[in-house]
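The next block is input37.txt, given as compact mmCIF, C-alpha atoms.
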```
# COMPACT_ATOMS: atom_id res chain seq x y z
CA MET A 1 2.87 26.16 10.08
CA LEU A 2 1.34 26.75 6.70
CA LEU A 3 2.25 24.21 4.09
CA ALA A 4 2.66 25.18 0.47
CA LEU A 5 2.45 23.64 -2.94
CA ALA A 6 5.01 24.40 -5.61
CA LEU A 7 4.45 22.83 -9.00
CA ALA A 8 6.23 23.31 -12.29
CA GLY A 9 4.84 25.82 -14.73
CA CYS A 10 3.92 28.41 -12.08
CA ARG A 11 5.53 31.77 -11.33
CA ARG A 12 5.78 31.11 -7.64
CA GLU A 13 8.49 30.79 -5.04
CA VAL A 14 9.81 27.24 -4.72
CA ILE A 15 9.02 25.95 -1.23
CA PRO A 16 11.76 23.94 0.55
CA GLU A 17 11.07 20.24 0.84
CA ILE A 18 9.61 18.99 4.10
CA PRO A 19 11.70 16.51 6.12
CA GLU A 20 10.02 13.13 6.56
CA GLU A 21 9.55 13.63 10.29
CA ASN A 22 7.71 16.91 9.67
CA ILE A 23 5.26 15.70 7.02
CA PRO A 24 1.81 15.94 8.64
CA GLU A 25 -0.48 12.93 8.72
CA LEU A 26 -3.57 15.00 7.99
CA SER A 27 -4.43 17.54 5.34
CA PRO A 28 -7.62 19.25 4.13
CA ILE A 29 -9.20 17.98 0.92
CA ALA A 30 -7.78 19.59 -2.22
CA LYS A 31 -9.53 20.05 -5.56
CA LEU A 32 -7.64 18.56 -8.49
CA ILE A 33 -8.71 19.44 -12.02
CA VAL A 34 -7.21 17.42 -14.87
CA ASN A 35 -7.77 18.29 -18.50
CA THR A 36 -6.31 16.07 -21.19
CA GLU A 37 -5.10 17.40 -24.51
CA ASN A 38 -8.05 17.69 -26.89
CA GLY A 39 -10.21 16.02 -24.24
CA ALA A 40 -8.67 12.59 -24.94
CA ALA A 41 -10.23 9.79 -22.89
CA VAL A 42 -8.06 8.16 -20.23
CA ASP A 43 -9.03 4.64 -21.22
CA SER A 44 -5.85 2.60 -20.90
CA LYS A 45 -3.36 1.70 -18.18
CA ASP A 46 -0.62 0.81 -20.68
CA PRO A 47 2.47 3.00 -20.09
CA ALA A 48 2.50 3.64 -23.83
CA ASP A 49 -0.91 5.28 -23.56
CA TYR A 50 -0.16 8.22 -21.29
CA ARG A 51 -2.34 11.22 -22.25
CA ARG A 52 -0.90 14.71 -22.20
CA CYS A 53 -2.74 16.88 -19.67
CA THR A 54 -2.60 19.89 -17.40
CA LEU A 55 -3.35 20.01 -13.68
CA THR A 56 -4.99 22.72 -11.63
CA VAL A 57 -4.74 22.37 -7.85
CA ASP A 58 -6.82 24.30 -5.33
CA TRP A 59 -5.74 23.61 -1.74
CA VAL A 60 -6.80 25.53 1.34
CA PHE A 61 -3.25 25.31 2.76
CA ASP A 62 -2.03 27.24 -0.27
CA SER A 63 -2.57 30.93 -0.83
CA ALA A 64 -3.59 30.62 -4.48
CA ILE A 65 -4.73 28.18 -7.12
CA VAL A 66 -1.92 26.54 -9.06
CA LYS A 67 -2.96 26.35 -12.71
CA ASP A 68 -2.06 24.52 -15.89
CA VAL A 69 0.76 22.33 -14.62
CA PRO A 70 2.01 20.17 -17.53
CA ALA A 71 1.78 16.43 -16.94
CA GLN A 72 0.61 13.07 -18.29
CA ILE A 73 -2.08 10.71 -17.03
CA ARG A 74 -3.04 7.08 -17.59
CA GLY A 75 -4.96 4.34 -15.83
CA ARG A 76 -3.40 2.00 -13.29
CA GLY A 77 -4.24 -1.01 -11.10
CA ASN A 78 -5.41 -4.54 -11.75
CA SER A 79 -8.89 -5.50 -10.48
CA THR A 80 -9.53 -1.86 -9.57
CA TRP A 81 -9.02 -0.85 -13.20
CA ASP A 82 -10.64 -3.85 -14.86
CA TRP A 83 -13.79 -4.33 -12.77
CA TYR A 84 -15.07 -1.01 -11.46
CA PRO A 85 -16.61 2.05 -13.10
CA LYS A 86 -14.59 4.44 -10.94
CA LYS A 87 -11.02 4.16 -12.19
CA PRO A 88 -7.66 4.76 -10.48
CA TYR A 89 -4.99 6.80 -12.26
CA ARG A 90 -1.29 7.48 -12.40
CA ILE A 91 0.03 11.00 -12.99
CA LYS A 92 3.50 11.89 -14.23
CA LEU A 93 4.45 15.55 -13.94
CA ASP A 94 6.80 17.02 -16.52
CA ALA A 95 9.05 18.21 -13.72
CA ALA A 96 9.53 16.84 -10.22
CA SER A 97 7.50 18.98 -7.83
CA ILE A 98 6.09 19.10 -4.33
CA MET A 99 2.51 17.83 -4.29
CA LEU A 100 0.18 18.87 -1.47
CA GLY A 101 3.06 19.21 0.96
CA LEU A 102 4.68 15.88 0.04
CA PRO A 103 8.34 15.82 -1.07
CA LYS A 104 8.84 16.53 -4.74
CA ASN A 105 8.67 13.85 -7.39
CA ARG A 106 7.23 13.38 -10.86
CA ASP A 107 5.15 10.26 -10.15
CA TRP A 108 1.86 10.24 -8.24
CA VAL A 109 -1.04 7.85 -7.84
CA LEU A 110 -4.77 8.55 -7.54
CA LEU A 111 -6.55 5.71 -5.71
CA ALA A 112 -10.26 5.50 -6.50
CA ASP A 113 -11.25 3.58 -3.33
CA TYR A 114 -14.39 2.36 -5.10
CA ARG A 115 -14.61 -0.84 -3.07
CA ASP A 116 -13.73 0.96 0.16
CA VAL A 117 -16.62 3.18 1.13
CA THR A 118 -14.74 4.46 4.18
CA HIS A 119 -11.83 5.64 2.00
CA MET A 120 -9.64 4.78 4.99
CA MET A 121 -8.26 1.28 4.45
CA ASN A 122 -5.02 2.40 2.84
CA ALA A 123 -4.74 5.31 5.25
CA ALA A 124 -5.06 2.89 8.18
CA GLY A 125 -2.47 0.49 6.77
CA PHE A 126 -0.01 3.30 6.07
CA TYR A 127 -0.55 4.72 9.56
CA LEU A 128 0.25 1.36 11.16
CA ALA A 129 3.34 0.91 9.01
CA ARG A 130 4.61 4.36 9.85
CA GLU A 131 3.96 4.00 13.58
CA LEU A 132 5.76 0.64 13.62
CA GLY A 133 8.75 2.24 11.93
CA LEU A 134 8.67 0.65 8.49
CA PRO A 135 10.72 2.87 6.18
CA HIS A 136 9.50 4.71 3.08
CA THR A 137 5.83 4.43 4.03
CA ASN A 138 3.36 6.28 1.81
CA HIS A 139 1.20 9.23 2.81
CA ILE A 140 -2.41 9.97 1.91
CA ARG A 141 -3.77 13.26 0.60
CA TYR A 142 -7.49 13.37 -0.21
CA VAL A 143 -8.63 15.21 -3.33
CA THR A 144 -11.83 15.70 -5.28
CA LEU A 145 -11.07 14.98 -8.91
CA VAL A 146 -12.56 16.68 -11.95
CA LEU A 147 -11.42 14.95 -15.15
CA ASN A 148 -12.19 16.69 -18.44
CA GLY A 149 -15.02 18.54 -16.76
CA LYS A 150 -16.54 15.43 -15.16
CA ASP A 151 -16.92 15.19 -11.40
CA MET A 152 -15.15 11.96 -10.39
CA GLY A 153 -15.65 12.24 -6.64
CA LEU A 154 -13.22 11.59 -3.80
CA TYR A 155 -9.76 10.15 -4.46
CA ALA A 156 -6.69 9.44 -2.36
CA LEU A 157 -3.47 10.84 -3.76
CA THR A 158 -0.30 9.02 -2.71
CA GLU A 159 3.25 8.35 -3.77
CA GLN A 160 4.21 5.82 -6.43
CA VAL A 161 6.31 3.07 -4.84
CA GLU A 162 9.63 3.43 -6.65
CA GLU A 163 13.32 4.06 -6.16
CA GLY A 164 14.25 7.68 -5.60
CA GLY A 165 15.61 10.18 -3.14
CA ASN A 166 12.12 11.02 -1.85
CA ARG A 167 10.76 7.48 -2.16
CA VAL A 168 12.79 4.28 -1.59
CA LYS A 169 16.26 5.77 -1.51
CA LEU A 170 18.78 3.16 -2.65
CA ASP A 171 22.40 3.10 -3.73
CA GLY A 172 22.35 4.01 -7.40
CA LYS A 173 24.64 1.16 -8.40
CA GLU A 174 23.89 -1.66 -6.00
CA GLY A 175 20.40 -1.07 -4.62
CA ILE A 176 17.48 -3.42 -5.34
CA LEU A 177 13.73 -2.84 -5.11
CA LEU A 178 11.86 -6.10 -5.63
CA ALA A 179 8.09 -6.49 -5.97
CA LEU A 180 6.62 -9.72 -4.61
CA ASP A 181 3.57 -9.59 -6.82
CA ILE A 182 1.82 -12.28 -8.82
CA ASN A 183 0.43 -9.64 -11.20
CA ASP A 184 3.90 -8.39 -12.13
CA GLY A 185 5.41 -11.88 -12.12
CA PRO A 186 6.15 -14.23 -14.99
CA GLY A 187 2.73 -15.87 -14.79
CA ASP A 188 0.87 -12.71 -15.82
CA MET A 189 3.79 -11.02 -17.61
CA PRO A 190 5.69 -13.90 -19.27
CA ARG A 191 7.43 -11.73 -21.88
CA ALA A 192 8.91 -9.26 -19.41
CA THR A 193 12.65 -9.38 -18.82
CA ASP A 194 12.43 -8.01 -15.28
CA ASN A 195 10.59 -10.82 -13.49
CA PHE A 196 11.14 -14.38 -12.32
CA TRP A 197 9.89 -17.21 -10.13
CA SER A 198 12.02 -17.19 -7.00
CA GLU A 199 14.42 -20.09 -6.74
CA VAL A 200 13.45 -21.58 -3.38
CA PHE A 201 9.80 -20.78 -2.67
CA GLY A 202 8.54 -20.14 -6.20
CA MET A 203 7.30 -16.62 -5.47
CA ALA A 204 6.39 -14.32 -8.36
CA CYS A 205 8.92 -11.48 -8.33
CA ALA A 206 9.52 -8.37 -10.44
CA VAL A 207 12.62 -6.16 -10.36
CA LYS A 208 11.47 -2.56 -9.91
CA TYR A 209 15.01 -1.26 -9.46
CA PRO A 210 17.35 -1.32 -11.30
CA GLU A 211 14.87 0.05 -13.81
CA ASP A 212 14.27 -1.78 -17.08
CA ALA A 213 16.13 -4.79 -15.75
CA THR A 214 17.51 -7.16 -18.36
CA ARG A 215 17.26 -10.91 -18.02
CA ALA A 216 20.88 -10.93 -16.86
CA ILE A 217 20.14 -8.44 -14.08
CA SER A 218 17.00 -10.33 -13.09
CA LYS A 219 18.99 -13.56 -12.95
CA GLN A 220 21.52 -11.94 -10.62
CA VAL A 221 18.78 -10.51 -8.37
CA LYS A 222 17.12 -13.93 -8.29
CA ALA A 223 20.39 -15.52 -7.13
CA GLU A 224 20.90 -12.93 -4.41
CA PHE A 225 17.31 -13.17 -3.19
CA ALA A 226 17.66 -16.95 -3.13
CA GLN A 227 20.33 -16.63 -0.44
CA LEU A 228 17.73 -15.14 1.89
CA GLU A 229 15.12 -17.70 0.83
CA LYS A 230 17.53 -20.56 1.51
CA ALA A 231 18.33 -19.23 4.98
CA ILE A 232 14.60 -19.08 5.76
CA GLU A 233 13.97 -22.53 4.30
CA ASP A 234 16.76 -23.95 6.46
CA GLU A 235 15.51 -21.96 9.48
CA ASP A 236 19.10 -20.81 9.90
CA TRP A 237 18.65 -18.01 12.40
CA ASP A 238 22.24 -16.78 12.24
CA ALA A 239 22.15 -16.55 8.45
CA ILE A 240 18.73 -14.90 8.49
CA GLN A 241 19.95 -12.20 10.85
CA GLU A 242 22.90 -11.53 8.55
CA LEU A 243 20.73 -11.22 5.45
CA LEU A 244 17.42 -9.79 6.71
CA ASP A 245 16.39 -6.78 8.76
CA VAL A 246 14.34 -8.95 11.11
CA GLU A 247 12.62 -6.01 12.78
CA SER A 248 11.23 -4.85 9.43
CA MET A 249 9.90 -8.35 8.74
CA ILE A 250 8.19 -8.48 12.14
CA ASN A 251 6.63 -5.05 11.67
CA TYR A 252 5.52 -5.96 8.15
CA ILE A 253 3.86 -9.18 9.31
CA LEU A 254 2.07 -7.34 12.13
CA VAL A 255 0.64 -4.75 9.72
CA GLN A 256 -0.60 -7.43 7.34
CA GLU A 257 -2.22 -9.46 10.12
CA ILE A 258 -3.81 -6.46 11.82
CA ILE A 259 -5.58 -5.37 8.64
CA GLY A 260 -6.26 -8.97 7.61
CA ASN A 261 -4.75 -8.42 4.18
CA VAL A 262 -5.78 -11.36 1.99
CA GLU A 263 -3.37 -10.13 -0.71
CA MET A 264 -0.90 -12.26 1.26
CA ASP A 265 -2.95 -15.35 0.43
CA ASN A 266 -1.78 -16.28 -3.07
CA TYR A 267 0.32 -19.32 -2.16
CA PRO A 268 3.17 -19.60 -2.90
CA SER A 269 3.20 -15.96 -4.01
CA MET A 270 1.45 -12.80 -2.87
CA ARG A 271 0.25 -9.52 -4.31
CA SER A 272 1.47 -5.98 -3.76
CA GLY A 273 4.48 -6.88 -1.63
CA PHE A 274 7.84 -5.12 -1.69
CA ILE A 275 11.29 -5.83 -0.29
CA HIS A 276 14.43 -3.79 -0.85
CA ARG A 277 18.14 -3.75 -0.22
CA TYR A 278 20.12 -0.51 -0.10
CA ASP A 279 23.41 -1.89 -1.44
CA ASP A 280 25.52 -5.04 -1.62
CA ASP A 281 26.55 -4.81 2.03
CA SER A 282 23.14 -4.14 3.56
CA LYS A 283 20.33 -6.43 4.66
CA TRP A 284 17.03 -7.01 2.90
CA VAL A 285 14.30 -4.76 4.34
CA MET A 286 10.57 -5.50 4.05
CA GLY A 287 8.31 -2.88 2.54
CA PRO A 288 7.03 -0.41 1.67
CA VAL A 289 3.53 -1.53 2.64
CA TRP A 290 1.15 -1.16 -0.30
CA ASP A 291 -2.45 -1.97 -1.30
CA CYS A 292 -4.30 -2.33 2.00
CA ASP A 293 -7.88 -2.42 0.73
CA GLY A 294 -7.97 -6.20 0.43
CA GLY A 295 -8.34 -6.57 4.16
CA PHE A 296 -10.77 -5.66 6.94
CA SER A 297 -13.08 -8.62 6.16
CA TYR A 298 -13.70 -7.29 2.69
CA ASN A 299 -16.56 -9.18 1.03
CA TRP A 300 -14.90 -10.49 -2.13
CA GLY A 301 -17.98 -12.48 -3.10
CA ASP A 302 -19.90 -9.32 -4.07
CA MET A 303 -17.09 -7.37 -5.70
CA PHE A 304 -18.38 -7.61 -9.29
CA ASP A 305 -21.74 -5.87 -8.72
CA SER A 306 -21.19 -2.19 -9.42
CA ARG A 307 -24.58 -1.10 -8.08
CA GLY A 308 -25.20 -1.47 -4.38
CA TRP A 309 -22.80 -4.36 -3.99
CA GLY A 310 -22.14 -5.77 -0.55
CA HIS A 311 -19.84 -3.44 1.33
CA THR A 312 -20.03 -5.79 4.31
CA PHE A 313 -16.31 -6.16 4.87
CA PHE A 314 -16.43 -5.34 8.57
CA GLY A 315 -17.89 -8.66 9.63
CA ASP A 316 -15.57 -11.44 10.71
CA TYR A 317 -12.76 -9.94 12.78
CA SER A 318 -11.29 -13.34 13.71
CA TYR A 319 -10.01 -14.67 10.37
CA LEU A 320 -6.22 -14.89 10.20
CA VAL A 321 -3.80 -14.27 7.37
CA PHE A 322 -0.98 -16.30 8.90
CA GLY A 323 -3.06 -18.54 11.13
CA SER A 324 -2.98 -19.44 14.80
CA ASN A 325 -0.04 -21.71 14.00
CA PRO A 326 1.57 -20.05 10.97
CA TYR A 327 4.33 -22.64 10.58
CA TYR A 328 1.82 -25.37 9.74
CA HIS A 329 -0.78 -23.06 8.13
CA ILE A 330 -3.27 -23.97 10.86
CA GLY A 331 -6.19 -21.60 11.25
CA ALA A 332 -5.23 -19.46 8.26
CA TYR A 333 -7.57 -17.87 5.75
CA GLY A 334 -7.50 -19.75 2.43
CA THR A 335 -4.28 -21.50 1.52
CA SER A 336 -2.14 -19.28 3.74
CA ALA A 337 0.76 -16.98 3.10
CA SER A 338 4.00 -17.99 1.40
CA PRO A 339 6.50 -20.13 3.33
CA PHE A 340 8.83 -17.16 2.84
CA PHE A 341 6.96 -15.73 5.82
CA CYS A 342 5.59 -18.82 7.54
CA ARG A 343 8.86 -20.76 7.87
CA LEU A 344 10.12 -17.98 10.11
CA PHE A 345 7.58 -19.10 12.70
CA GLY A 346 9.57 -22.31 13.08
CA ILE A 347 12.32 -20.31 14.78
CA PRO A 348 11.62 -19.79 18.50
CA GLU A 349 13.64 -16.57 18.69
CA PHE A 350 11.73 -15.02 15.79
CA VAL A 351 8.42 -15.86 17.47
CA ARG A 352 9.67 -14.44 20.75
CA GLN A 353 10.74 -11.18 19.13
CA LEU A 354 7.44 -10.85 17.25
CA GLN A 355 5.45 -11.42 20.44
CA ALA A 356 7.58 -8.87 22.28
CA ARG A 357 7.06 -6.31 19.53
CA TRP A 358 3.30 -6.84 19.67
CA GLU A 359 3.28 -6.58 23.45
CA GLU A 360 5.13 -3.26 23.47
CA THR A 361 3.15 -1.59 20.68
CA HIS A 362 -0.39 -2.88 20.28
CA SER A 363 -2.18 -0.85 22.96
CA ASP A 364 -0.79 2.49 21.80
CA LEU A 365 -1.22 1.47 18.16
CA LEU A 366 -4.95 0.94 18.56
CA VAL A 367 -5.52 4.16 20.50
CA GLY A 368 -3.49 6.18 18.02
CA LEU A 369 -5.11 4.57 14.99
CA LEU A 370 -8.67 5.17 16.18
CA ASP A 371 -7.85 8.79 17.01
CA TYR A 372 -6.26 9.26 13.59
CA LEU A 373 -9.29 7.79 11.81
CA ASP A 374 -11.62 10.06 13.79
CA GLN A 375 -9.66 13.03 12.48
CA VAL A 376 -9.77 11.71 8.93
CA GLU A 377 -13.54 11.29 9.25
CA GLU A 378 -13.91 14.94 10.24
CA ILE A 379 -12.10 15.92 7.05
CA ILE A 380 -13.65 13.57 4.49
CA GLY A 381 -16.98 12.41 5.95
CA GLU A 382 -19.34 14.56 3.90
CA GLU A 383 -17.32 14.16 0.71
CA ALA A 384 -17.13 10.38 1.16
CA GLN A 385 -20.92 10.18 1.39
CA ARG A 386 -21.24 12.34 -1.70
CA ASP A 387 -18.85 9.98 -3.49
CA MET A 388 -21.08 7.00 -2.63
CA ASP A 389 -24.12 8.83 -3.98
CA LEU A 390 -22.23 9.90 -7.10
CA TRP A 391 -21.19 6.33 -7.96
CA GLY A 392 -24.52 4.71 -7.14
CA ILE A 393 -23.39 2.77 -4.08
CA ARG A 394 -26.75 2.28 -2.43
CA ASN A 395 -28.06 0.81 0.82
CA TYR A 396 -24.98 1.98 2.73
CA LYS A 397 -24.10 5.15 4.59
CA HIS A 398 -20.54 6.30 4.99
CA LYS A 399 -20.78 7.18 8.69
CA LYS A 400 -22.27 3.79 9.51
CA GLU A 401 -19.49 1.99 7.62
CA PHE A 402 -16.90 4.15 9.36
CA ASP A 403 -18.30 3.21 12.76
CA LYS A 404 -18.22 -0.45 11.71
CA LEU A 405 -14.56 -0.06 10.76
CA LYS A 406 -13.68 1.27 14.21
CA THR A 407 -15.62 -1.50 15.93
CA TRP A 408 -13.93 -4.09 13.71
CA LEU A 409 -10.47 -2.74 14.58
CA ALA A 410 -11.15 -2.78 18.33
CA LYS A 411 -12.34 -6.39 18.14
CA ARG A 412 -9.49 -7.30 15.82
CA PHE A 413 -6.80 -6.05 18.19
CA LYS A 414 -8.37 -7.88 21.12
CA HIS A 415 -8.59 -11.11 19.13
CA LEU A 416 -5.02 -10.83 17.85
CA ASP A 417 -3.75 -10.21 21.35
CA ASP A 418 -4.96 -13.68 22.31
CA VAL A 419 -3.71 -15.30 19.08
CA ILE A 420 -0.23 -13.76 19.04
CA ARG A 421 0.42 -14.48 22.72
CA LYS A 422 -0.30 -18.16 22.00
CA TYR A 423 1.83 -18.57 18.86
CA PRO A 424 3.66 -21.88 19.36
CA ALA A 425 7.46 -21.84 19.19
CA HIS A 426 8.50 -24.95 17.27
```
Give the structure from the file, written as structure tokens.
Amino acid sequence: MLLALALAGCRREVIPEIPEENIPELSPIAKLIVNTENGAAVDSKDPADYRRCTLTVDWVFDSAIVKDVPAQIRGRGNSTWDWYPKKPYRIKLDAASIMLGLPKNRDWVLLADYRDVTHMMNAAGFYLARELGLPHTNHIRYVTLVLNGKDMGLYALTEQVEEGGNRVKLDGKEGILLALDINDGPGDMPRATDNFWSEVFGMACAVKYPEDATRAISKQVKAEFAQLEKAIEDEDWDAIQELLDVESMINYILVQEIIGNVEMDNYPSMRSGFIHRYDDDSKWVMGPVWDCDGGFSYNWGDMFDSRGWGHTFFGDYSYLVFGSNPYYHIGAYGTSASPFFCRLFGIPEFVRQLQARWEETHSDLLVGLLDYLDQVEEIIGEEAQRDMDLWGIRNYKHKKEFDKLKTWLAKRFKHLDDVIRKYPAH
């Protein structure tokens, strides 16, 4: 079935939205041309510094080029914005629209993938999350970006994690979307009214919905989140099951450990985590999964060198985010994940359910993931190599790094099979 793109500002038939179950995993590369008003530089990630722009989209699935779509653009990200020459961006369309076959919305993200020469780390993490059944998981659409006439190379377009009918659909009055993110928390953003240190475990939290949360709303969210924290601290299995969608927590932990995501290792907080609750009567649900390029044995020691830095992140496949004994932080990378996750491993039934989930899914997960990545490679391989050449990433070849990624994943799954089967039940 041919997919179509319908964006505001075009005299074209509006294409019906695609149900979640029918959104394809794979899509040909599109060409995205962005021109800012008067050629203004996109040199800030501050929401106050959006630049007016127009978009032109050329996609082989579509029958014609979509031109001059009105929008705004700014920078985004933390280390990816501050440290690298290739910048990530956020786009806000003037009107909610379908984008490359994805359900309509105004807000979209362009990931630069500068430190990921495979351009597949986020795609792999999202694939795992989706296959394990985590709700509201993002999709990836690859585009070549031309910004104000400059060739910017290969980017990954994806959804902004936010509340909304086509994103994290919550009850408009009672729903909560909470970021577990040290960069959005009170340490980095002390003047914000929408963040707090969590009451029990001291995690950095930011209220993403309700939007523009006041201190009073944040205080209420903090109190409600503390109920879940207290149940976990007390290892009260009955209370945990009443407050938490345990299956989502298990699936979330498995994704993070499979990819070796060191964003979890910011004790007692983390980066780029999300948890949500649909309404007052529902349970907390982990996710969506976000920001997966801090895993896969990424070589953080060389991340500052913008010319030929060490893309050797497919080395050690045996390091563990949660450890071989997560409850006591034994065998974990760095200082380990927050006790918000690790205290759960003190509950025998939780460990049993996690082991059972791994046992029933891991073989098919690996086969499906490797097949998916092979298909992605067919689509983006040449363009990914061109991107490396464009940005001066030397001494590495995309195909070789892609093969290393597949080898790393095969070894990773085998290693985790041994580790997870031997998790102690305290």
* Surrounding residues of range 172-179 of chain A excluding itself and chain neighbours under 3 positions, 12 Å, all atoms listed in the file, as number ranges by chain -> A: 136, 161-165, 167-169, 182-185, 194-198, 203-211, 213, 217-218, 220-222, 224-225, 269-290
Have a look at A:Lys400, A:Arg115, A:Arg106, A:His362 and name the one nearest to Lys86 in chain A; count only C-alpha atoms.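 Among the listed residues, A:Arg115 lies closest to Lys86 in chain A.
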### Message
Could you tell me how far CA of His139 in chain A sits from CA of Lys45 in chain A, in Å to one decimal place?
### Response
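We find that CA of Lys45 in chain A and CA of His139 in chain A lie 22.8 Å from each other.
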| message | Quick check, in Å to one decimal: how far apart do CA of Gly323 in chain A and CA of Ser336 in chain A lie? | response |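 A separation of 7.5 Å between them.
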Next on the checklist: Would you pick out the contacts of Tyr155 in chain A at 6 Å or less, using only C-alpha atoms, so that residues sharing its chain but fewer than 5 positions from it are not included, and give the list as a list in words?
Outcome noted: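 Listed by chain and then number, they are Leu111, Ala112, Tyr142, Val143 and Thr144 of chain A.
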**Q.** Residue nearest Leu100 in chain A - candidates A:Gly187, A:Pro24, A:Pro268, A:Pro424, atoms counted: all atoms listed in the file
**A.**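 Answer, going by the shortest atom-to-atom distance: A:Pro24.
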Q: Find the distance between CA of Ala226 in chain A and CA of Gly133 in chain A and write it in Å to one decimal.
A: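 A separation of 26.0 Å between them.
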As a PDB file, in the frame of the given file, could you write out range 407-413 of chain A once it has been completed with all heavy atoms?
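For reference, part.pdb as written:
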```pdb
ATOM      1  N   THR A 407     -15.239  -0.356  15.105  1.00  0.00           N
ATOM      2  CA  THR A 407     -15.620  -1.500  15.930  1.00  0.00           C
ATOM      3  C   THR A 407     -14.830  -2.735  15.537  1.00  0.00           C
ATOM      4  O   THR A 407     -14.343  -3.495  16.393  1.00  0.00           O
ATOM      5  CB  THR A 407     -17.121  -1.783  15.796  1.00  0.00           C
ATOM      6  OG1 THR A 407     -17.843  -0.635  16.249  1.00  0.00           O
ATOM      7  CG2 THR A 407     -17.539  -2.991  16.615  1.00  0.00           C
ATOM      8  N   TRP A 408     -14.692  -2.941  14.225  1.00  0.00           N
ATOM      9  CA  TRP A 408     -13.930  -4.090  13.710  1.00  0.00           C
ATOM     10  C   TRP A 408     -12.484  -4.038  14.212  1.00  0.00           C
ATOM     11  O   TRP A 408     -11.932  -5.056  14.658  1.00  0.00           O
ATOM     12  CB  TRP A 408     -13.967  -4.080  12.183  1.00  0.00           C
ATOM     13  CG  TRP A 408     -13.375  -5.295  11.536  1.00  0.00           C
ATOM     14  CD1 TRP A 408     -14.019  -6.426  11.161  1.00  0.00           C
ATOM     15  CD2 TRP A 408     -11.992  -5.486  11.162  1.00  0.00           C
ATOM     16  NE1 TRP A 408     -13.131  -7.320  10.584  1.00  0.00           N
ATOM     17  CE2 TRP A 408     -11.893  -6.768  10.568  1.00  0.00           C
ATOM     18  CE3 TRP A 408     -10.846  -4.708  11.264  1.00  0.00           C
ATOM     19  CZ2 TRP A 408     -10.684  -7.277  10.088  1.00  0.00           C
ATOM     20  CZ3 TRP A 408      -9.641  -5.212  10.795  1.00  0.00           C
ATOM     21  CH2 TRP A 408      -9.574  -6.483  10.217  1.00  0.00           C
ATOM     22  N   LEU A 409     -11.861  -2.872  14.153  1.00  0.00           N
ATOM     23  CA  LEU A 409     -10.470  -2.740  14.580  1.00  0.00           C
ATOM     24  C   LEU A 409     -10.318  -3.029  16.075  1.00  0.00           C
ATOM     25  O   LEU A 409      -9.366  -3.702  16.487  1.00  0.00           O
ATOM     26  CB  LEU A 409      -9.954  -1.345  14.260  1.00  0.00           C
ATOM     27  CG  LEU A 409      -9.604  -1.096  12.786  1.00  0.00           C
ATOM     28  CD1 LEU A 409      -9.432   0.390  12.521  1.00  0.00           C
ATOM     29  CD2 LEU A 409      -8.341  -1.865  12.403  1.00  0.00           C
ATOM     30  N   ALA A 410     -11.232  -2.531  16.890  1.00  0.00           N
ATOM     31  CA  ALA A 410     -11.150  -2.780  18.330  1.00  0.00           C
ATOM     32  C   ALA A 410     -11.256  -4.274  18.628  1.00  0.00           C
ATOM     33  O   ALA A 410     -10.485  -4.825  19.435  1.00  0.00           O
ATOM     34  CB  ALA A 410     -12.247  -2.008  19.058  1.00  0.00           C
ATOM     35  N   LYS A 411     -12.186  -4.947  17.952  1.00  0.00           N
ATOM     36  CA  LYS A 411     -12.340  -6.390  18.140  1.00  0.00           C
ATOM     37  C   LYS A 411     -11.146  -7.144  17.575  1.00  0.00           C
ATOM     38  O   LYS A 411     -10.709  -8.156  18.142  1.00  0.00           O
ATOM     39  CB  LYS A 411     -13.634  -6.871  17.496  1.00  0.00           C
ATOM     40  CG  LYS A 411     -14.894  -6.382  18.181  1.00  0.00           C
ATOM     41  CD  LYS A 411     -16.140  -6.902  17.482  1.00  0.00           C
ATOM     42  CE  LYS A 411     -17.410  -6.475  18.192  1.00  0.00           C
ATOM     43  NZ  LYS A 411     -18.630  -6.970  17.499  1.00  0.00           N
ATOM     44  N   ARG A 412     -10.632  -6.655  16.467  1.00  0.00           N
ATOM     45  CA  ARG A 412      -9.490  -7.300  15.820  1.00  0.00           C
ATOM     46  C   ARG A 412      -8.265  -7.293  16.727  1.00  0.00           C
ATOM     47  O   ARG A 412      -7.601  -8.315  16.900  1.00  0.00           O
ATOM     48  CB  ARG A 412      -9.180  -6.562  14.507  1.00  0.00           C
ATOM     49  CG  ARG A 412      -8.010  -7.138  13.703  1.00  0.00           C
ATOM     50  CD  ARG A 412      -8.396  -8.414  13.048  1.00  0.00           C
ATOM     51  NE  ARG A 412      -7.365  -8.911  12.138  1.00  0.00           N
ATOM     52  CZ  ARG A 412      -7.430 -10.092  11.537  1.00  0.00           C
ATOM     53  NH1 ARG A 412      -8.472 -10.881  11.754  1.00  0.00           N
ATOM     54  NH2 ARG A 412      -6.477 -10.491  10.739  1.00  0.00           N
ATOM     55  N   PHE A 413      -7.958  -6.149  17.300  1.00  0.00           N
ATOM     56  CA  PHE A 413      -6.800  -6.050  18.190  1.00  0.00           C
ATOM     57  C   PHE A 413      -6.961  -6.980  19.396  1.00  0.00           C
ATOM     58  O   PHE A 413      -5.992  -7.638  19.812  1.00  0.00           O
ATOM     59  CB  PHE A 413      -6.604  -4.604  18.650  1.00  0.00           C
ATOM     60  CG  PHE A 413      -5.696  -3.798  17.766  1.00  0.00           C
ATOM     61  CD1 PHE A 413      -6.142  -3.298  16.558  1.00  0.00           C
ATOM     62  CD2 PHE A 413      -4.390  -3.537  18.144  1.00  0.00           C
ATOM     63  CE1 PHE A 413      -5.318  -2.546  15.741  1.00  0.00           C
ATOM     64  CE2 PHE A 413      -3.548  -2.790  17.351  1.00  0.00           C
ATOM     65  CZ  PHE A 413      -4.008  -2.291  16.136  1.00  0.00           C
TER      66      PHE A 413
END
```
